[in-house]
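Student: My file is final-v7.txt. It has compact mmCIF, C-alpha atoms:
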```txt
# COMPACT_ATOMS: atom_id res chain seq x y z
CA MET F 1257 62.46 -12.03 48.51
CA GLY F 1258 64.25 -9.72 50.92
CA ALA F 1259 64.57 -12.40 53.62
CA GLU F 1260 68.37 -12.57 53.74
CA LEU F 1261 68.65 -8.80 53.66
CA ALA F 1262 66.17 -8.48 56.53
CA LYS F 1263 68.18 -10.97 58.61
CA ALA F 1264 71.37 -8.99 58.06
CA SER F 1265 70.09 -5.42 58.42
CA ARG F 1266 67.83 -3.79 61.00
CA THR F 1267 67.45 -0.86 58.59
CA ALA F 1268 66.08 -3.21 55.91
CA ARG F 1269 63.68 -4.80 58.41
CA ASP F 1270 62.42 -1.35 59.32
CA VAL F 1271 61.67 -0.64 55.63
CA PHE F 1272 59.64 -3.83 55.26
CA GLY F 1273 57.80 -3.06 58.50
CA GLU F 1274 56.99 0.48 57.39
CA VAL F 1275 55.59 -0.78 54.08
CA ASP F 1276 53.47 -3.38 55.88
CA GLU F 1277 52.06 -0.68 58.15
CA ALA F 1278 51.33 1.68 55.25
CA LEU F 1279 49.45 -1.00 53.32
CA GLY F 1280 47.72 -2.64 56.26
CA GLN F 1281 48.92 -6.07 55.13
CA ASN F 1282 51.79 -8.40 55.91
CA LEU F 1283 53.46 -7.96 52.55
CA PHE F 1284 56.89 -8.93 53.83
CA LYS F 1285 55.60 -12.33 54.99
CA LEU F 1286 54.29 -12.83 51.46
CA MET F 1287 57.65 -11.74 50.04
CA ARG F 1288 59.50 -14.11 52.35
CA ASP F 1289 57.23 -17.16 52.37
CA GLY F 1290 54.94 -16.86 49.35
CA PRO F 1291 52.78 -18.28 47.88
CA ASP F 1292 54.40 -17.21 44.64
CA ASP F 1293 51.18 -16.81 42.69
CA GLU F 1294 49.87 -14.32 45.26
CA LEU F 1295 53.15 -12.39 45.35
CA LYS F 1296 53.14 -12.16 41.54
CA LEU F 1297 49.77 -10.38 41.50
CA THR F 1298 50.75 -6.95 40.28
CA GLU F 1299 49.09 -5.18 43.25
CA ASN F 1300 51.53 -7.10 45.50
CA ALA F 1301 54.52 -7.34 43.18
CA GLN F 1302 54.80 -3.59 42.58
CA PRO F 1303 55.07 -2.49 46.23
CA ALA F 1304 57.18 -5.58 47.02
CA ILE F 1305 59.78 -4.82 44.37
CA MET F 1306 59.90 -1.20 45.54
CA ALA F 1307 60.26 -2.24 49.20
CA ASN F 1308 63.17 -4.51 48.35
CA SER F 1309 64.91 -1.75 46.36
CA ILE F 1310 64.44 0.84 49.11
CA ALA F 1311 65.62 -1.64 51.75
CA VAL F 1312 68.86 -2.00 49.80
CA PHE F 1313 69.07 1.76 49.28
CA ARG F 1314 68.59 2.58 52.96
CA ALA F 1315 70.99 -0.13 54.10
CA LEU F 1316 73.56 1.45 51.80
CA THR F 1317 72.88 5.08 52.68
CA LYS F 1318 71.87 4.92 56.36
CA ASP F 1319 74.14 2.10 57.50
CA GLY F 1320 76.91 2.89 55.04
CA GLY F 1321 76.87 6.63 55.66
CA ILE F 1322 76.32 7.45 51.98
CA GLU F 1323 74.44 10.60 50.91
CA LEU F 1324 72.62 10.26 47.59
CA ALA F 1325 73.16 13.85 46.46
CA LYS F 1326 76.92 13.52 46.98
CA ALA F 1327 77.26 10.03 45.52
CA ALA F 1328 75.04 10.33 42.43
CA ASN F 1329 74.18 12.83 39.72
CA PHE F 1330 70.88 11.28 38.62
CA VAL F 1331 68.33 8.60 39.48
CA ALA F 1332 66.18 6.50 37.15
CA GLY F 1333 63.85 3.56 37.44
CA HIS F 1334 62.26 1.13 35.01
CA SER F 1335 58.44 1.37 35.05
CA LEU F 1336 57.37 0.92 38.71
CA GLY F 1337 61.06 1.50 39.53
CA GLU F 1338 60.50 5.16 38.74
CA TYR F 1339 58.55 5.35 42.01
CA SER F 1340 61.43 3.64 43.83
CA ALA F 1341 63.85 6.17 42.34
CA LEU F 1342 61.66 9.08 43.43
CA CYS F 1343 61.34 7.62 46.93
CA ALA F 1344 65.12 7.26 47.17
CA ALA F 1345 65.52 10.86 45.99
CA GLY F 1346 63.03 12.14 48.56
CA SER F 1347 60.14 13.16 46.29
CA PHE F 1348 57.84 10.64 48.02
CA ASP F 1349 58.06 9.21 51.52
CA LEU F 1350 58.09 5.42 51.79
CA ALA F 1351 54.50 5.01 52.98
CA THR F 1352 53.16 7.18 50.16
CA THR F 1353 55.22 5.26 47.60
CA ALA F 1354 53.88 1.93 48.84
CA ARG F 1355 50.25 3.10 48.73
CA LEU F 1356 50.65 4.60 45.25
CA LEU F 1357 52.13 1.39 43.89
CA LYS F 1358 49.42 -0.74 45.51
CA LEU F 1359 46.83 1.44 43.78
CA ARG F 1360 48.79 1.42 40.52
CA GLY F 1361 48.91 -2.38 40.56
CA ARG F 1362 45.19 -2.72 41.29
CA ALA F 1363 44.27 -0.16 38.65
CA MET F 1364 46.45 -1.81 36.01
CA GLN F 1365 44.97 -5.23 36.74
CA ALA F 1366 41.42 -3.86 36.61
CA ALA F 1367 41.96 -1.96 33.35
CA VAL F 1368 41.85 -5.05 31.12
CA PRO F 1369 39.99 -8.31 31.86
CA VAL F 1370 42.31 -11.29 32.37
CA GLY F 1371 43.04 -13.01 29.08
CA GLN F 1372 42.28 -10.01 26.87
CA GLY F 1373 45.77 -8.50 27.00
CA ALA F 1374 49.32 -9.83 26.70
CA MET F 1375 52.97 -8.84 26.33
CA ALA F 1376 55.91 -10.34 24.44
CA ALA F 1377 59.64 -9.68 24.36
CA LEU F 1378 61.28 -9.40 20.96
CA LEU F 1379 64.89 -10.57 21.16
CA GLY F 1380 67.39 -9.54 18.53
CA ALA F 1381 65.18 -6.63 17.50
CA ASP F 1382 65.78 -2.90 17.79
CA LEU F 1383 63.11 -0.24 18.21
CA ASP F 1384 62.56 0.31 14.47
CA LEU F 1385 62.04 -3.39 13.75
CA ALA F 1386 59.82 -3.78 16.81
CA GLN F 1387 57.63 -0.91 15.63
CA LYS F 1388 57.28 -2.52 12.19
CA ILE F 1389 56.27 -5.84 13.76
CA ALA F 1390 53.77 -4.07 16.05
CA ASP F 1391 52.23 -2.18 13.14
CA ALA F 1392 51.93 -5.35 11.05
CA ALA F 1393 50.41 -7.35 13.89
CA ALA F 1394 47.87 -4.78 15.08
CA GLN F 1395 45.23 -5.31 12.36
CA GLY F 1396 42.77 -2.98 14.05
CA GLU F 1397 43.69 -3.99 17.59
CA VAL F 1398 46.24 -2.54 20.01
CA CYS F 1399 49.82 -3.71 19.52
CA ALA F 1400 52.37 -1.19 20.77
CA VAL F 1401 55.99 -0.92 21.85
CA ALA F 1402 55.87 -0.95 25.66
CA ASN F 1403 59.54 -1.12 26.69
CA ASP F 1404 62.58 -0.16 24.63
CA ASN F 1405 64.92 -1.99 26.99
CA ASP F 1406 68.22 -2.17 25.14
CA PRO F 1407 69.55 -2.45 21.57
CA SER F 1408 68.53 -6.11 21.32
CA GLN F 1409 65.38 -6.36 23.46
CA VAL F 1410 62.06 -4.58 22.95
CA VAL F 1411 58.74 -5.51 24.56
CA LEU F 1412 55.34 -5.31 22.87
CA SER F 1413 51.99 -4.93 24.64
CA GLY F 1414 48.36 -5.03 23.54
CA HIS F 1415 45.38 -7.25 22.80
CA THR F 1416 46.13 -10.96 23.18
CA ALA F 1417 45.35 -11.81 19.55
CA ALA F 1418 47.57 -9.00 18.27
CA ILE F 1419 50.46 -10.09 20.47
CA ASP F 1420 49.99 -13.68 19.27
CA ARG F 1421 50.23 -12.40 15.68
CA ALA F 1422 53.38 -10.45 16.53
CA ILE F 1423 54.98 -13.55 18.04
CA ALA F 1424 54.07 -15.58 14.95
CA MET F 1425 55.54 -13.09 12.47
CA ALA F 1426 58.51 -11.78 14.46
CA LYS F 1427 61.16 -14.21 13.24
CA GLU F 1428 60.08 -13.92 9.62
CA MET F 1429 60.33 -10.13 9.87
CA GLY F 1430 63.89 -10.27 11.24
CA ALA F 1431 63.76 -10.71 15.01
CA LYS F 1432 65.83 -13.49 16.53
CA ARG F 1433 62.81 -14.73 18.47
CA ALA F 1434 59.72 -13.60 20.35
CA VAL F 1435 58.89 -14.74 23.87
CA PRO F 1436 55.47 -14.34 25.53
CA LEU F 1437 55.83 -12.77 28.99
CA PRO F 1438 54.11 -14.19 32.09
CA VAL F 1439 52.29 -10.97 32.99
CA SER F 1440 48.74 -10.45 34.20
CA ALA F 1441 47.97 -7.36 32.10
CA PRO F 1442 49.21 -5.48 28.98
CA PHE F 1443 51.25 -2.73 30.61
CA HIS F 1444 52.44 0.49 28.94
CA CYS F 1445 49.94 0.66 26.11
CA SER F 1446 46.68 2.53 25.48
CA LEU F 1447 44.63 -0.29 27.05
CA MET F 1448 45.94 1.00 30.39
CA GLN F 1449 44.08 4.34 30.08
CA PRO F 1450 41.68 3.54 32.96
CA ALA F 1451 44.72 2.95 35.18
CA ALA F 1452 46.26 6.22 34.01
CA ASN F 1453 43.03 8.00 35.01
CA ALA F 1454 43.18 6.40 38.47
CA MET F 1455 46.80 7.47 38.92
CA ALA F 1456 45.99 11.00 37.77
CA ASP F 1457 43.40 11.22 40.55
CA ALA F 1458 45.73 9.77 43.18
CA LEU F 1459 48.79 11.78 42.19
CA GLY F 1460 46.68 14.94 42.02
CA GLN F 1461 46.10 14.54 45.75
CA THR F 1462 49.73 13.67 46.56
CA ASP F 1463 52.48 16.07 47.56
CA ILE F 1464 55.60 15.56 45.45
CA GLY F 1465 58.89 17.08 46.54
CA SER F 1466 61.80 18.10 44.34
CA PRO F 1467 64.18 15.13 44.09
CA ALA F 1468 67.63 15.43 45.65
CA VAL F 1469 69.06 14.74 42.17
CA PRO F 1470 67.22 14.89 38.82
CA LEU F 1471 65.18 11.91 37.63
CA TYR F 1472 65.56 10.58 34.08
CA ALA F 1473 61.90 10.07 33.20
CA ASN F 1474 60.77 6.90 31.40
CA VAL F 1475 58.55 8.63 28.85
CA THR F 1476 60.93 11.45 27.84
CA ALA F 1477 64.41 10.00 28.48
CA HIS F 1478 65.38 13.44 29.83
CA PRO F 1479 66.22 14.63 33.36
CA LEU F 1480 63.72 16.62 35.37
CA SER F 1481 63.26 17.95 38.90
CA ASP F 1482 60.00 19.91 38.73
CA PRO F 1483 57.35 18.21 40.92
CA ASP F 1484 54.42 19.19 38.69
CA ARG F 1485 56.15 17.78 35.61
CA ILE F 1486 57.05 14.62 37.53
CA ARG F 1487 53.36 14.20 38.39
CA GLU F 1488 52.34 14.60 34.72
CA LEU F 1489 54.90 12.12 33.46
CA LEU F 1490 54.03 9.48 36.07
CA VAL F 1491 50.49 9.55 34.67
CA GLU F 1492 51.73 9.42 31.06
CA GLN F 1493 54.04 6.55 32.00
CA VAL F 1494 51.09 4.18 32.62
CA THR F 1495 50.18 4.12 28.91
CA GLY F 1496 53.52 5.33 27.50
CA MET F 1497 56.63 3.54 26.35
CA VAL F 1498 59.46 2.99 28.82
CA ARG F 1499 62.39 4.57 26.98
CA TRP F 1500 65.06 2.80 29.01
CA ARG F 1501 67.62 2.44 26.22
CA GLU F 1502 67.41 6.13 25.41
CA SER F 1503 67.56 7.11 29.09
CA ILE F 1504 70.78 5.21 29.69
CA ALA F 1505 72.29 6.44 26.42
CA GLU F 1506 71.40 10.03 27.34
CA MET F 1507 73.01 9.65 30.76
CA ALA F 1508 76.15 8.23 29.18
CA SER F 1509 76.21 11.16 26.74
CA ALA F 1510 75.87 13.51 29.74
CA GLY F 1511 79.08 12.06 31.16
CA VAL F 1512 77.80 9.32 33.45
CA GLU F 1513 80.46 6.61 33.58
CA GLU F 1514 79.15 4.47 36.44
CA PHE F 1515 75.67 2.98 36.98
CA VAL F 1516 74.48 1.28 40.18
CA GLU F 1517 71.40 -0.97 40.19
CA LEU F 1518 69.80 -1.28 43.62
CA GLY F 1519 67.70 -4.28 44.58
CA GLY F 1520 68.17 -6.60 41.63
CA LYS F 1521 70.44 -7.93 38.92
CA VAL F 1522 68.36 -7.45 35.77
CA LEU F 1523 68.78 -3.83 34.68
CA GLY F 1524 72.56 -3.92 35.00
CA SER F 1525 72.93 -6.29 32.05
CA MET F 1526 70.68 -4.02 29.95
CA VAL F 1527 72.77 -0.99 30.89
CA LYS F 1528 75.94 -2.81 29.86
CA ARG F 1529 74.47 -3.55 26.42
CA ILE F 1530 73.53 0.13 26.01
CA ALA F 1531 76.73 1.67 27.41
CA PRO F 1532 79.44 -1.01 27.06
CA ASP F 1533 82.21 1.23 28.37
CA ALA F 1534 80.41 2.13 31.59
CA LYS F 1535 81.08 0.54 34.95
CA VAL F 1536 77.92 -1.26 36.07
CA THR F 1537 77.34 -2.55 39.61
CA SER F 1538 74.25 -4.50 40.68
CA VAL F 1539 73.60 -4.47 44.43
CA ALA F 1540 71.18 -6.94 45.99
CA THR F 1541 72.82 -8.64 49.01
CA ILE F 1542 74.33 -7.34 52.22
CA ALA F 1543 77.77 -8.31 50.87
CA ASP F 1544 77.10 -6.22 47.73
CA ILE F 1545 76.04 -3.30 49.93
CA GLU F 1546 79.13 -3.48 52.14
CA THR F 1547 81.43 -3.69 49.13
CA LEU F 1548 79.85 -0.68 47.41
CA ALA F 1549 79.81 1.37 50.63
CA LYS F 1550 83.57 0.87 50.99
CA GLU F 1551 84.12 1.90 47.36
CA ILE F 1552 82.06 5.07 47.69
CA ALA F 1553 83.32 6.12 51.14
```
As structure tokens - that is how I would like this structure written.
Tutor:
Amino acid sequence: MGAELAKASRTARDVFGEVDEALGQNLFKLMRDGPDDELKLTENAQPAIMANSIAVFRALTKDGGIELAKAANFVAGHSLGEYSALCAAGSFDLATTARLLKLRGRAMQAAVPVGQGAMAALLGADLDLAQKIADAAAQGEVCAVANDNDPSQVVLSGHTAAIDRAIAMAKEMGAKRAVPLPVSAPFHCSLMQPAANAMADALGQTDIGSPAVPLYANVTAHPLSDPDRIRELLVEQVTGMVRWRESIAEMASAGVEEFVELGGKVLGSMVKRIAPDAKVTSVATIADIETLAKEIA
């Protein structure tokens, strides 16, 4: 993870080095060499995914001479990606972003004992159907919509037994299929309240700047630039639903015709299913970066 980019770009290497220094750990070595099970721990995965995204962003902007405020109208990020988006837009510096995500990962993992929470993706189900399945499966436990990803993919989160029930009844209720997710905690549901409390404390002591361009917030699917409101919504986001489908649809309605995914190749396919007429570019390699820089310049 990030190894080829680091070989090709001094700017990317500097990002990984800055994150390592901020966290007091050799995260990049873990990203590059593994072991996988350690990298997948959410306290490592969250800052690692952010570091990779910001390495791509800085290689594009610093090396490619691209200015975010001139090249883009909005930023957005999916779950932890909201922190990456805010870092790119200048609301957080890189070291602060890394430390916040390390804390966020630890707090999320600590909120629910291992084995007591789970998540599942419903495929071929829209938000309304997913909510019906969640309500039917809850039976006194937590079973909630965590991510409204696109018109055909919604993720549920909650107690393990409730998620198992949702998986068992999903097809009968009209979903194409339900897939358990290999996650270590039930993110974006009320079981994460202890983690939300921890982030409220941390963010309350963190300076947040106005972003260079507005952020489409996960929990409202609306753009915002006010630092105090950003702080509030980052806390709400820990237990709230990621309204990704609505966010992309709202941007398309606002006239956005081109979307660029930085650091991966997962969100782009979701965006295409939400806004089929939009141009979608996923940028992960140095070749991707060079190609996009030429297009934007």
Student: With all atoms listed in the file as the atoms that count, which of F:Ala1452, F:Ala1477, F:Ala1540, F:Leu1279 lies nearest to F:Gly1258?
Tutor: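 Counting all atoms listed in the file, the residue closest to F:Gly1258 is F:Ala1540.
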Student: Please, what distance in Å, to one decimal, runs between atom CA of F:Ala1386 and atom CA of F:Val1401?
Tutor: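 These two atoms are separated by 6.9 Å.
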Student: Using all atoms listed in the file for the distances, tell me which of F:Arg1487, F:Lys1432, F:His1334, F:Arg1360 is nearest to F:Arg1499.
Tutor: F:His1334
Student: Hey, can you pull every residue with an atom no more than 8 Å from (85.8, 5.2, 29.5), using only C-alpha atoms, and send it as a compact mmCIF listing (two decimals) with C-alpha atoms, in the coordinates of the input?
Tutor:
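After the write, part-v5.txt holds the following:
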```txt
# COMPACT_ATOMS: atom_id res chain seq x y z
CA GLU F 1513 80.46 6.61 33.58
CA ASP F 1533 82.21 1.23 28.37
CA ALA F 1534 80.41 2.13 31.59
```
Student: Could you work out how far atom CA of F:Gly1337 lies from atom CA of F:Gly1320, giving the answer in Å with one decimal?
Tutor: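 Taking atom CA of F:Gly1320 and atom CA of F:Gly1337, their separation equals 22.2 Å.
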Student: Please provide as a list of chain:residue names all residues within 10 Å of F:Leu1297, with the sequence filter that same-chain residues fewer than 3 positions apart are discarded (counting all atoms listed in the file).
Tutor: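 Close residues of F:Leu1297: F:Asp1292, F:Asp1293, F:Glu1294, F:Asn1300, F:Ala1301, F:Gln1302, F:Gly1361, F:Arg1362, F:Gln1365, F:Val1439, F:Ser1440.
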Student: Find the residues near stretch 1501-1504 of chain F: any atom within 8 Å, counting only C-alpha atoms, skip ones fewer than 6 places away on the same chain, and give them as a ChimeraX atom specification.
Tutor: /F:1404-1407,1472-1474,1477-1478,1527,1530-1531
Student: Counting only C-alpha atoms, which of F:Arg1355, F:Lys1263, F:Lys1326, F:Arg1485 gets nearest to F:Ala1311?
Tutor: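 Looking at the shortest contact to F:Ala1311, the residue is F:Lys1263.
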Student: Just the number, please: distance in Å from atom CA of F:Ala1402 to atom CA of F:Gln1387, one decimal.
Tutor: 10.2 Å
Student: Env of F:Met1364: 7 Å cut, atoms = all atoms listed in the file, seq-sep filter 4 positions within chain, self excluded. Answer as a list of chain:residue names.
Tutor: F:Arg1360, F:Ala1441, F:Met1448, F:Ala1451
Student: Given only C-alpha atoms as the basis, pick out the residue of F:Val1410, F:Met1497, F:Met1306, F:Ala1505 nearest to F:Gly1520.
Tutor: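 Among F:Val1410, F:Met1497, F:Met1306, F:Ala1505, it is F:Met1306 that comes nearest to F:Gly1520.
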Student: Taking all atoms listed in the file into account, which of F:Ile1389, F:Ala1344, F:Met1455, F:Met1526 comes nearest F:Gln1409?
Tutor: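 For F:Gln1409, the nearest of the given residues is F:Met1526.
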Student: Ranking F:Gly1346, F:Gly1273, F:Pro1291, F:Pro1450 by minimum distance to F:Ala1325 and counting only C-alpha atoms, which one comes first?
Tutor: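 Among the listed residues, F:Gly1346 lies closest to F:Ala1325.
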Student: Which residues come within 9 Å of F:Gln1449, counting only C-alpha atoms, excluding same-chain residues fewer than 3 positions away, as a PyMOL selection string?
Tutor: chain F and resi 1364+1367+1445-1446+1452-1454+1494-1495
Student: May I have the selected residues written with C-alpha atoms, as a CSV table (one decimal), keeping the file's coordinate frame?
Tutor:
```
chain,number,residue,atom,x,y,z
F,1364,MET,CA,46.4,-1.8,36.0
F,1367,ALA,CA,42.0,-2.0,33.4
F,1445,CYS,CA,49.9,0.7,26.1
F,1446,SER,CA,46.7,2.5,25.5
F,1452,ALA,CA,46.3,6.2,34.0
F,1453,ASN,CA,43.0,8.0,35.0
F,1454,ALA,CA,43.2,6.4,38.5
F,1494,VAL,CA,51.1,4.2,32.6
F,1495,THR,CA,50.2,4.1,28.9
```
Student: Fewer than 4 positions away in the same chain doesn't count, so skip those; otherwise give me all residues within 12 Å of F:Asp1463, counting all atoms listed in the file, as a list in words.
Tutor: Gly1346, Ser1347, Phe1348, Asp1349, Thr1352, Thr1353, Leu1356, Ala1458, Leu1459, Pro1483, Asp1484, Ile1486 and Arg1487 of chain F
Student: The selected residues should be written to file as a short mmCIF file (atom, residue, chain, number, x, y, z; two decimals), in the frame of the given file (atoms: C-alpha atoms).
Tutor:
```cif
data_model
loop_
_atom_site.label_atom_id
_atom_site.label_comp_id
_atom_site.auth_asym_id
_atom_site.auth_seq_id
_atom_site.Cartn_x
_atom_site.Cartn_y
_atom_site.Cartn_z
CA GLY F 1346 63.03 12.14 48.56
CA SER F 1347 60.14 13.16 46.29
CA PHE F 1348 57.84 10.64 48.02
CA ASP F 1349 58.06 9.21 51.52
CA THR F 1352 53.16 7.18 50.16
CA THR F 1353 55.22 5.26 47.60
CA LEU F 1356 50.65 4.60 45.25
CA ALA F 1458 45.73 9.77 43.18
CA LEU F 1459 48.79 11.78 42.19
CA PRO F 1483 57.35 18.21 40.92
CA ASP F 1484 54.42 19.19 38.69
CA ILE F 1486 57.05 14.62 37.53
CA ARG F 1487 53.36 14.20 38.39
#
```
Student: Taking (41.9, -2.4, 17.9) in the coordinates of the supplied file, I want to know which residues reach to within 12 Å of it, counting all atoms listed in the file; could you give the answer as a compact mmCIF listing (two decimals) with C-alpha atoms, keeping the file's coordinate frame?
Tutor:
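After the write, point16.txt holds the following:
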```txt
# COMPACT_ATOMS: atom_id res chain seq x y z
CA GLN F 1372 42.28 -10.01 26.87
CA GLY F 1373 45.77 -8.50 27.00
CA ASP F 1391 52.23 -2.18 13.14
CA ALA F 1393 50.41 -7.35 13.89
CA ALA F 1394 47.87 -4.78 15.08
CA GLN F 1395 45.23 -5.31 12.36
CA GLY F 1396 42.77 -2.98 14.05
CA GLU F 1397 43.69 -3.99 17.59
CA VAL F 1398 46.24 -2.54 20.01
CA CYS F 1399 49.82 -3.71 19.52
CA ALA F 1400 52.37 -1.19 20.77
CA GLY F 1414 48.36 -5.03 23.54
CA HIS F 1415 45.38 -7.25 22.80
CA THR F 1416 46.13 -10.96 23.18
CA ALA F 1417 45.35 -11.81 19.55
CA ALA F 1418 47.57 -9.00 18.27
CA ILE F 1419 50.46 -10.09 20.47
CA CYS F 1445 49.94 0.66 26.11
CA SER F 1446 46.68 2.53 25.48
CA LEU F 1447 44.63 -0.29 27.05
```
